[in-house]
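Have a look at query_19.pdb; it's PDB, C-alpha atoms:
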```pdb
ATOM      1  CA  MET A  59      96.012 285.730  83.411
ATOM      2  CA  ALA A  60      94.185 284.385  80.350
ATOM      3  CA  LEU A  61      97.373 284.404  78.276
ATOM      4  CA  LYS A  62      99.231 282.512  80.975
ATOM      5  CA  ALA A  63      96.492 279.899  81.080
ATOM      6  CA  ALA A  64      96.711 279.428  77.324
ATOM      7  CA  ILE A  65     100.463 278.982  77.488
ATOM      8  CA  ASP A  66     100.107 276.402  80.241
ATOM      9  CA  SER A  67      97.535 274.541  78.178
ATOM     10  CA  VAL A  68      99.832 274.398  75.156
ATOM     11  CA  LYS A  69     102.719 273.212  77.302
ATOM     12  CA  GLY A  70     100.531 270.455  78.669
ATOM     13  CA  ARG A  71      99.537 269.419  75.158
ATOM     14  CA  ILE A  72     103.175 269.272  74.150
ATOM     15  CA  GLU A  73     103.976 267.018  77.058
ATOM     16  CA  ASP A  74     101.099 264.729  76.122
ATOM     17  CA  LEU A  75     102.338 264.484  72.536
ATOM     18  CA  LYS A  76     105.858 263.727  73.707
ATOM     19  CA  THR A  77     104.449 260.779  75.572
ATOM     20  CA  SER A  78     102.047 259.475  72.896
ATOM     21  CA  ILE A  79     104.297 259.745  69.833
ATOM     22  CA  PRO A  80     106.700 256.950  70.885
ATOM     23  CA  GLN A  81     103.738 254.777  71.740
ATOM     24  CA  GLN A  82     102.251 255.400  68.288
ATOM     25  CA  ARG A  83     105.560 254.592  66.661
ATOM     26  CA  THR A  84     105.671 251.326  68.535
ATOM     27  CA  LYS A  85     102.189 250.475  67.334
ATOM     28  CA  ASN A  86     103.137 251.334  63.763
ATOM     29  CA  LYS A  87     106.098 249.013  63.934
ATOM     30  CA  GLU A  88     103.925 246.241  65.292
ATOM     31  CA  CYS A  89     101.416 246.761  62.502
ATOM     32  CA  ALA A  90     104.179 246.783  59.913
ATOM     33  CA  THR A  91     105.481 243.529  61.325
ATOM     34  CA  VAL A  92     102.055 241.935  61.115
ATOM     35  CA  VAL A  93     101.575 243.111  57.549
ATOM     36  CA  SER A  94     105.036 241.938  56.628
ATOM     37  CA  GLN A  95     104.428 238.521  58.118
ATOM     38  CA  HIS A  96     101.117 238.350  56.319
ATOM     39  CA  ARG A  97     102.755 239.157  53.002
ATOM     40  CA  LEU A  98     105.543 236.749  53.788
ATOM     41  CA  GLY A  99     102.979 234.051  54.423
ATOM     42  CA  GLY A 100     101.242 235.030  51.234
ATOM     43  CA  HIS A 101     104.399 234.610  49.206
ATOM     44  CA  ILE A 102     105.092 231.218  50.693
ATOM     45  CA  LEU A 103     101.453 230.255  50.221
ATOM     46  CA  VAL A 104     101.656 231.040  46.522
ATOM     47  CA  HIS A 105     104.694 228.830  46.126
ATOM     48  CA  ASN A 106     103.297 225.986  48.182
ATOM     49  CA  ARG A 107      99.735 225.875  46.897
ATOM     50  CA  ILE A 108      99.869 227.458  43.470
ATOM     51  CA  LEU A 109     103.236 226.178  42.282
ATOM     52  CA  GLY A 110     103.196 222.950  44.281
ATOM     53  CA  PHE A 111     106.699 223.753  45.454
ATOM     54  CA  HIS A 112     107.983 223.220  48.972
ATOM     55  CA  VAL A 113     111.417 223.691  50.521
ATOM     56  CA  GLU A 114     112.405 222.052  53.769
ATOM     57  CA  GLY A 115     115.669 222.248  55.650
ATOM     58  CA  GLY A 116     117.237 219.337  57.442
ATOM     59  CA  ARG A 117     120.320 217.231  56.941
ATOM     60  CA  GLY A 118     120.219 218.622  53.443
ATOM     61  CA  VAL A 119     117.688 220.820  51.729
ATOM     62  CA  LYS A 120     114.671 218.926  50.478
ATOM     63  CA  PHE A 121     112.829 220.273  47.436
ATOM     64  CA  THR A 122     109.371 218.821  46.886
ATOM     65  CA  PHE A 123     107.125 219.270  43.858
ATOM     66  CA  LYS A 124     103.485 218.516  43.164
ATOM     67  CA  ASN A 125     101.362 218.925  40.036
ATOM     68  CA  ILE A 126     103.808 216.805  38.074
ATOM     69  CA  ASN A 127     101.645 213.763  37.399
ATOM     70  CA  VAL A 128      98.453 214.704  35.584
ATOM     71  CA  ASP A 129      96.727 211.554  36.801
ATOM     72  CA  ASN A 130      97.655 212.250  40.405
ATOM     73  CA  PRO A 131      98.471 215.938  40.946
ATOM     74  CA  ASN A 132      99.043 215.429  44.671
ATOM     75  CA  GLU A 133     101.810 212.913  44.101
ATOM     76  CA  GLU A 134     105.043 214.276  45.536
ATOM     77  CA  PHE A 135     108.324 214.277  43.665
ATOM     78  CA  PHE A 136     111.342 215.314  45.665
ATOM     79  CA  PHE A 137     115.086 215.353  45.961
ATOM     80  CA  THR A 138     117.463 216.315  48.732
ATOM     81  CA  ILE A 139     120.666 218.207  48.061
ATOM     82  CA  ARG A 140     123.493 218.801  50.477
ATOM     83  CA  LEU A 141     126.405 221.210  50.296
ATOM     84  CA  GLU A 142     129.532 220.190  52.171
ATOM     85  CA  ASP A 143     133.093 221.383  51.613
ATOM     86  CA  ASP A 144     131.867 223.395  48.637
ATOM     87  CA  ILE A 145     130.601 220.228  46.959
ATOM     88  CA  TYR A 146     126.950 219.475  46.270
ATOM     89  CA  THR A 147     125.751 215.937  46.819
ATOM     90  CA  LEU A 148     122.403 214.488  45.830
ATOM     91  CA  LEU A 149     121.283 212.571  48.898
ATOM     92  CA  ASN A 150     118.115 211.119  47.434
ATOM     93  CA  CYS A 151     115.772 211.538  44.532
ATOM     94  CA  LYS A 152     112.291 210.088  44.154
ATOM     95  CA  PRO A 153     111.600 208.980  41.547
ATOM     96  CA  SER A 154     115.009 208.375  40.065
ATOM     97  CA  VAL A 155     115.662 210.330  36.909
ATOM     98  CA  LYS A 156     118.199 210.079  34.147
ATOM     99  CA  ASP A 157     121.487 211.928  33.895
ATOM    100  CA  THR A 158     121.581 213.032  37.511
ATOM    101  CA  ASP A 159     125.357 212.673  37.565
ATOM    102  CA  GLU A 160     125.697 215.122  34.698
ATOM    103  CA  VAL A 161     123.325 217.564  36.312
ATOM    104  CA  ILE A 162     125.156 217.402  39.638
ATOM    105  CA  HIS A 163     128.441 217.879  37.844
ATOM    106  CA  GLU A 164     127.029 220.956  36.152
ATOM    107  CA  LEU A 165     125.787 222.214  39.500
ATOM    108  CA  ASN A 166     129.206 221.877  41.105
ATOM    109  CA  LYS A 167     130.786 223.543  38.118
ATOM    110  CA  THR A 168     128.480 226.553  37.925
ATOM    111  CA  ASN A 169     127.146 226.743  41.481
ATOM    112  CA  GLY A 170     123.732 227.380  39.955
ATOM    113  CA  LEU A 171     121.518 225.811  42.584
ATOM    114  CA  PHE A 172     118.341 227.603  41.575
ATOM    115  CA  LYS A 173     118.656 226.583  37.956
ATOM    116  CA  PHE A 174     119.384 223.050  39.143
ATOM    117  CA  VAL A 175     116.091 222.984  41.017
ATOM    118  CA  ARG A 176     114.183 224.074  37.932
ATOM    119  CA  THR A 177     116.011 221.471  35.861
ATOM    120  CA  MET A 178     115.070 218.713  38.288
ATOM    121  CA  ARG A 179     111.410 219.609  38.012
ATOM    122  CA  LYS A 180     111.648 219.251  34.246
ATOM    123  CA  LYS A 181     113.310 215.884  34.652
ATOM    124  CA  PHE A 182     110.504 214.691  36.896
ATOM    125  CA  GLN A 183     108.011 215.703  34.220
ATOM    126  CA  GLU A 184     110.034 213.841  31.604
ATOM    127  CA  ALA A 185     110.112 210.752  33.803
ATOM    128  CA  VAL A 186     106.332 210.793  34.098
ATOM    129  CA  ALA A 187     105.903 211.315  30.367
ATOM    130  CA  GLN A 188     108.225 208.425  29.576
ATOM    131  CA  GLY A 189     106.322 206.249  31.986
ATOM    132  CA  SER A 190     103.060 207.001  30.151
ATOM    133  CA  LEU A 191     104.637 206.277  26.762
ATOM    134  CA  SER A 192     106.053 203.015  28.050
ATOM    135  CA  MET A 193     102.602 201.930  29.213
ATOM    136  CA  THR A 194     101.140 202.789  25.824
ATOM    137  CA  THR A 195     103.850 200.814  24.053
ATOM    138  CA  ASN A 196     103.312 197.801  26.282
ATOM    139  CA  GLU A 197      99.580 197.902  25.656
ATOM    140  CA  HIS A 198     100.102 197.992  21.914
ATOM    141  CA  GLN A 199     102.627 195.173  22.005
ATOM    142  CA  GLU A 200     100.198 193.065  23.994
ATOM    143  CA  SER A 201      97.461 193.803  21.485
ATOM    144  CA  ALA A 202      99.739 192.926  18.587
ATOM    145  CA  PHE A 203     100.714 189.676  20.271
ATOM    146  CA  MET A 204      97.079 188.764  20.799
ATOM    147  CA  SER A 205      96.357 189.498  17.173
ATOM    148  CA  ALA A 206      99.287 187.462  15.982
ATOM    149  CA  SER A 207      98.224 184.501  18.073
ATOM    150  CA  ALA A 208      94.644 184.574  16.808
ATOM    151  CA  PRO A 209      93.605 181.550  14.761
ATOM    152  CA  VAL A 210      94.009 181.889  11.020
ATOM    153  CA  LEU A 211      90.732 182.366   9.221
ATOM    154  CA  SER A 212      89.745 179.961   6.516
ATOM    155  CA  ILE A 213      88.837 181.129   3.042
ATOM    156  CA  SER A 214      86.282 179.495   0.805
ATOM    157  CA  THR A 215      86.382 179.617  -2.950
ATOM    158  CA  ILE A 216      83.521 178.878  -5.260
ATOM    159  CA  THR A 217      83.967 177.923  -8.852
ATOM    160  CA  GLU A 218      81.250 178.591 -11.375
ATOM    161  CA  GLY A 219      79.540 175.398 -12.364
ATOM    162  CA  ASN A 220      80.939 173.414  -9.484
ATOM    163  CA  GLU A 221      78.273 172.664  -6.929
ATOM    164  CA  ASN A 222      80.674 171.164  -4.438
ATOM    165  CA  GLN A 223      82.489 173.525  -2.141
ATOM    166  CA  ASP A 224      86.252 173.438  -2.278
ATOM    167  CA  GLU A 225      88.287 172.544   0.721
ATOM    168  CA  PRO A 226      89.101 175.644   2.837
ATOM    169  CA  ILE A 227      92.602 177.037   2.611
ATOM    170  CA  LYS A 228      94.286 177.112   6.002
ATOM    171  CA  GLY A 229      97.574 177.974   7.611
ATOM    172  CA  ASN A 230      98.707 180.731   5.290
ATOM    173  CA  ALA A 231      98.901 184.022   7.136
ATOM    174  CA  HIS A 232     100.207 185.997   4.199
ATOM    175  CA  LEU A 233      97.584 185.305   1.583
ATOM    176  CA  GLN A 234      96.932 187.905  -1.009
ATOM    177  CA  LYS A 235      93.651 189.713  -0.884
ATOM    178  CA  GLN A 236      91.104 187.778  -2.868
ATOM    179  CA  VAL A 237      87.935 188.959  -4.481
ATOM    180  CA  ASN A 238      85.581 186.387  -5.901
ATOM    181  CA  ARG A 239      83.081 188.148  -8.090
ATOM    182  CA  ARG A 240      81.567 185.079  -9.741
ATOM    183  CA  ARG A 241      77.897 184.463  -9.256
ATOM    184  CA  VAL A 242      76.830 181.146  -7.845
ATOM    185  CA  LYS A 243      74.311 179.308  -9.980
ATOM    186  CA  SER A 244      72.707 177.199  -7.360
ATOM    187  CA  PRO A 245      70.735 178.941  -4.558
ATOM    188  CA  GLY A 246      71.402 175.961  -2.380
ATOM    189  CA  SER A 247      75.099 176.373  -2.827
ATOM    190  CA  ALA A 248      74.902 180.038  -1.850
ATOM    191  CA  SER A 249      72.916 179.143   1.217
ATOM    192  CA  SER A 250      75.494 176.601   2.287
ATOM    193  CA  VAL A 251      78.351 179.076   1.850
ATOM    194  CA  CYS A 252      76.894 182.171   3.525
ATOM    195  CA  GLN A 253      75.481 181.142   6.828
ATOM    196  CA  SER A 254      74.367 184.653   7.681
ATOM    197  CA  PRO A 255      73.313 187.661   5.581
ATOM    198  CA  ARG A 256      76.237 189.707   6.775
ATOM    199  CA  LEU A 257      79.141 188.644   8.846
ATOM    200  CA  LYS A 258      81.651 190.963  10.415
ATOM    201  CA  GLU A 259      84.656 190.189  12.452
ATOM    202  CA  MET A 260      86.752 192.979  13.783
ATOM    203  CA  LYS A 261      90.086 193.041  15.496
ATOM    204  CA  ARG A 262      91.016 196.096  17.463
ATOM    205  CA  CYS A 263      94.424 197.619  17.785
ATOM    206  CA  GLY A 264      94.335 199.045  21.287
ATOM    207  CA  GLY A 265      97.599 200.884  20.968
ATOM    208  CA  CYS A 266      96.233 203.457  18.569
ATOM    209  CA  SER A 267      93.967 206.367  19.358
ATOM    210  CA  PRO A 268      91.406 206.400  17.901
ATOM    211  CA  ALA A 269      91.311 202.641  17.693
ATOM    212  CA  ARG A 270      91.501 201.119  14.278
ATOM    213  CA  TYR A 271      89.775 197.985  13.196
ATOM    214  CA  LEU A 272      90.510 195.194  10.847
ATOM    215  CA  ILE A 273      87.295 194.165   9.170
ATOM    216  CA  LEU A 274      86.512 190.842   7.608
ATOM    217  CA  MET A 275      83.286 190.807   5.711
ATOM    218  CA  ARG A 276      81.328 188.305   3.783
ATOM    219  CA  HIS A 277      78.235 189.132   1.841
ATOM    220  CA  ALA A 278      75.321 187.041   0.791
ATOM    221  CA  GLY A 279      73.822 187.235  -2.679
ATOM    222  CA  SER A 280      76.759 187.775  -4.954
ATOM    223  CA  CYS A 281      78.861 185.884  -2.471
ATOM    224  CA  ARG A 282      81.729 188.291  -2.498
ATOM    225  CA  ALA A 283      84.403 187.634   0.015
ATOM    226  CA  LEU A 284      86.550 190.533   1.028
ATOM    227  CA  ILE A 285      89.367 189.633   3.324
ATOM    228  CA  ALA A 286      92.232 191.825   4.386
ATOM    229  CA  ASN A 287      95.070 189.769   5.748
ATOM    230  CA  LYS A 288      97.309 192.560   6.874
ATOM    231  CA  LEU A 289      96.877 196.001   8.303
ATOM    232  CA  THR A 290      99.566 198.511   9.168
ATOM    233  CA  CYS A 291      98.747 201.052  11.828
ATOM    234  CA  LYS A 292     100.186 204.265  10.525
ATOM    235  CA  LEU A 293      98.750 206.750  12.946
ATOM    236  CA  ARG A 294     101.116 206.114  15.773
ATOM    237  CA  HIS A 295     102.734 202.739  15.435
ATOM    238  CA  THR A 296     104.221 200.591  12.728
ATOM    239  CA  GLN A 297     103.071 197.293  14.102
ATOM    240  CA  VAL A 298     101.597 194.894  11.604
ATOM    241  CA  LEU A 299      98.483 192.980  12.523
ATOM    242  CA  ASP A 300      98.275 189.562  10.895
ATOM    243  CA  VAL A 301      95.126 187.535  10.549
TER     244      VAL A 301
ATOM    245  CA  MET B1416     115.671 232.701  54.584
ATOM    246  CA  VAL B1417     113.064 230.251  53.315
ATOM    247  CA  LEU B1418     111.319 232.992  51.386
ATOM    248  CA  SER B1419     114.636 233.933  49.844
ATOM    249  CA  MET B1420     115.039 230.356  48.635
ATOM    250  CA  TYR B1421     111.572 230.320  47.113
ATOM    251  CA  ALA B1422     112.081 233.666  45.452
ATOM    252  CA  SER B1423     115.474 232.712  44.064
ATOM    253  CA  VAL B1424     114.261 229.481  42.514
ATOM    254  CA  THR B1425     111.139 230.915  40.918
ATOM    255  CA  ASN B1426     111.975 234.620  40.546
ATOM    256  CA  ILE B1427     108.313 235.294  41.260
ATOM    257  CA  VAL B1428     106.833 238.288  43.010
ATOM    258  CA  PRO B1429     103.175 237.380  43.440
ATOM    259  CA  ASN B1430     100.392 239.899  43.644
ATOM    260  CA  LEU B1431      98.637 239.181  46.908
ATOM    261  CA  ASP B1432      95.849 241.736  46.510
ATOM    262  CA  GLU B1433      93.984 239.956  43.733
ATOM    263  CA  HIS B1434      91.971 237.016  45.037
ATOM    264  CA  SER B1435      90.023 235.975  41.965
ATOM    265  CA  LYS B1436      93.145 235.802  39.822
ATOM    266  CA  ILE B1437      96.665 234.559  40.246
ATOM    267  CA  SER B1438      98.997 237.228  39.048
ATOM    268  CA  GLY B1439     102.332 238.794  39.672
ATOM    269  CA  TYR B1440     105.691 239.413  38.103
ATOM    270  CA  ILE B1441     108.621 237.258  37.115
ATOM    271  CA  VAL B1442     111.841 239.136  37.570
ATOM    272  CA  GLU B1443     114.766 238.411  35.288
ATOM    273  CA  LYS B1444     117.675 240.095  36.973
ATOM    274  CA  ASP B1445     120.175 239.166  34.293
ATOM    275  CA  LYS B1446     118.125 240.889  31.625
ATOM    276  CA  ASP B1447     116.794 243.683  33.840
ATOM    277  CA  ALA B1448     113.336 242.638  32.716
ATOM    278  CA  VAL B1449     110.046 242.037  34.444
ATOM    279  CA  GLU B1450     107.335 239.880  32.928
ATOM    280  CA  LYS B1451     103.800 240.102  34.199
ATOM    281  CA  PHE B1452     101.637 237.010  34.437
ATOM    282  CA  GLU B1453      97.952 236.646  35.151
ATOM    283  CA  TYR B1454      95.724 233.580  35.297
ATOM    284  CA  ASP B1455      91.999 233.468  35.862
ATOM    285  CA  THR B1456      91.181 230.676  38.289
ATOM    286  CA  SER B1457      87.669 230.341  36.891
ATOM    287  CA  LYS B1458      88.956 229.536  33.415
ATOM    288  CA  MET B1459      91.932 227.302  34.108
ATOM    289  CA  THR B1460      92.583 224.343  36.337
ATOM    290  CA  ALA B1461      95.080 224.574  39.156
ATOM    291  CA  LEU B1462      97.327 222.117  37.356
ATOM    292  CA  ASP B1463      97.360 224.166  34.164
ATOM    293  CA  ILE B1464      98.045 227.371  36.062
ATOM    294  CA  CYS B1465     100.898 225.736  37.942
ATOM    295  CA  ASN B1466     102.537 224.371  34.818
ATOM    296  CA  GLY B1467     101.933 227.600  32.945
ATOM    297  CA  ILE B1468     103.826 229.575  35.553
ATOM    298  CA  TRP B1469     106.659 227.031  35.715
ATOM    299  CA  LYS B1470     106.945 227.172  31.952
ATOM    300  CA  ILE B1471     107.475 230.927  32.087
ATOM    301  CA  ILE B1472     109.944 230.478  34.927
ATOM    302  CA  SER B1473     112.018 228.038  33.013
ATOM    303  CA  GLU B1474     112.224 230.060  29.814
TER     304      GLU B1474
END
```
Structure re-expressed in structure tokens:
Amino acid sequence: MALKAAIDSVKGRIEDLKTSIPQQRTKNKECATVVSQHRLGGHILVHNRILGFHVEGGRGVKFTFKNINVDNPNEEFFFTIRLEDDIYTLLNCKPSVKDTDEVIHELNKTNGLFKFVRTMRKKFQEAVAQGSLSMTTNEHQESAFMSASAPVLSISTITEGNENQDEPIKGNAHLQKQVNRRRVKSPGSASSVCQSPRLKEMKRCGGCSPARYLILMRHAGSCRALIANKLTCKLRHTQVLDV
Amino acid sequence: MVLSMYASVTNIVPNLDEHSKISGYIVEKDKDAVEKFEYDTSKMTALDICNGIWKIISE
């Protein structure tokens, strides 16, 4: 009787397992699906947030990039590509970049869409970089123009023994650098020439970094006059600043 | 399908278990090679990390 009861108990357990195993399998599948979706979302999240890369389907496939412009990382750069009759067509591109025809031609020749996408991101970066350089160039040109239009400075010369001051030399923008090392005899004459103990006038070239200055200096006492009439910016530009 | 597009463009398999760092592998099927990348978010800006990864992708 005891043995029979044990057998019945085991049979009952078997029946229970036969019922619960499929249910457990179903739960496992559901869990696997959730995990898979989570990982899927994680992968897409990495591309969207970390790489600033987004793909969107529609009339064509729109590829959008961020983190291109350093000054505005959230600015979106995108293009839309469409495949029809085995031919790729660039529907739009913002901003416009150079050599898109060549790149599209290469795409249709090689069918390398994924490489094309990477290439377009590079071209967006190049477009931004060229835009920055253009701004720098314009700034420098403006600075050079302002310098060139500045009034020409007058130069005084003092002759030993001559108490009267010579007429100032004007209008010549390409004068040679002059150094007058002669000492003035009359204190009154020195006072009339140098109106301040030390006079500086500086012109800034804004196109260079760090900025460079053109310095005009006059000194009292020995009445030296150091004037530089021309300065070439060698760090980045070859513009000539005239005074 | 979307994930396939992302993966094909970037060839990236990100490591989703590490939260303080951005890491993973870049798979180069043509060369049968896998390159590991790892960036510490506390030491680099998001912009630098992004461009660093894209630079590896484009090599």
Quick one: which residues end up in the PyMOL selection byres ((chain A) within 8 of (chain B)) for this structure, as a PyMOL selection string?
chain A and resi 97-98+100-102+104-105+108-110+113+125+128+131+172-173+175-176
For Lys152 (chain A), list every protein, DNA or RNA residue within 9 Å, evaluated using all atoms listed in the file, and leave out those in the same chain fewer than 3 positions away; present the list as a list in words.
Glu134, Phe135, Phe136, Phe137, Val155 and Phe182 of chain A
What would the file look like if the residues just selected were written as an mmCIF file, in the coordinates of the input with C-alpha atoms?
```cif
data_model
loop_
_atom_site.group_PDB
_atom_site.id
_atom_site.type_symbol
_atom_site.label_atom_id
_atom_site.label_comp_id
_atom_site.auth_asym_id
_atom_site.auth_seq_id
_atom_site.Cartn_x
_atom_site.Cartn_y
_atom_site.Cartn_z
ATOM 1 C CA GLU A 134 105.043 214.276 45.536
ATOM 2 C CA PHE A 135 108.324 214.277 43.665
ATOM 3 C CA PHE A 136 111.342 215.314 45.665
ATOM 4 C CA PHE A 137 115.086 215.353 45.961
ATOM 5 C CA VAL A 155 115.662 210.330 36.909
ATOM 6 C CA PHE A 182 110.504 214.691 36.896
#
```
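The protein and nucleic acid residues lying at most 10 Å from Phe174 (chain A) are Val161, Ile162, Glu164, Leu165, Thr168, Asn169, Gly170, Met178, Arg179 and Lys180 of chain A; Val1424 of chain B, with all atoms listed in the file considered and sequence neighbours fewer than 4 positions away removed.
Here the PyMOL selection byres ((chain B and resi 1441) around 7) captures the residues B:Asn1426, B:Ile1427, B:Val1428, B:Gly1439, B:Tyr1440, B:Val1442, B:Glu1443, B:Val1449, B:Glu1450, B:Lys1451.
Across the model, the gap from CA of Ile1471 (chain B) to CA of Lys167 (chain A) is 25.2 Å.
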Point-to-point distance in Å for CA of Thr77 (chain A) and CA of Ala63 (chain A):
21.4 Å
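Atom pair CA of Phe123 (chain A) / CA of Thr1456 (chain B): separated by 20.4 Å.
Considering the residues A:Lys76, A:Arg140, A:Arg117, A:Lys156 and counting only C-alpha atoms, Val186 (chain A) has its shortest atom-to-atom contact with A:Lys156.
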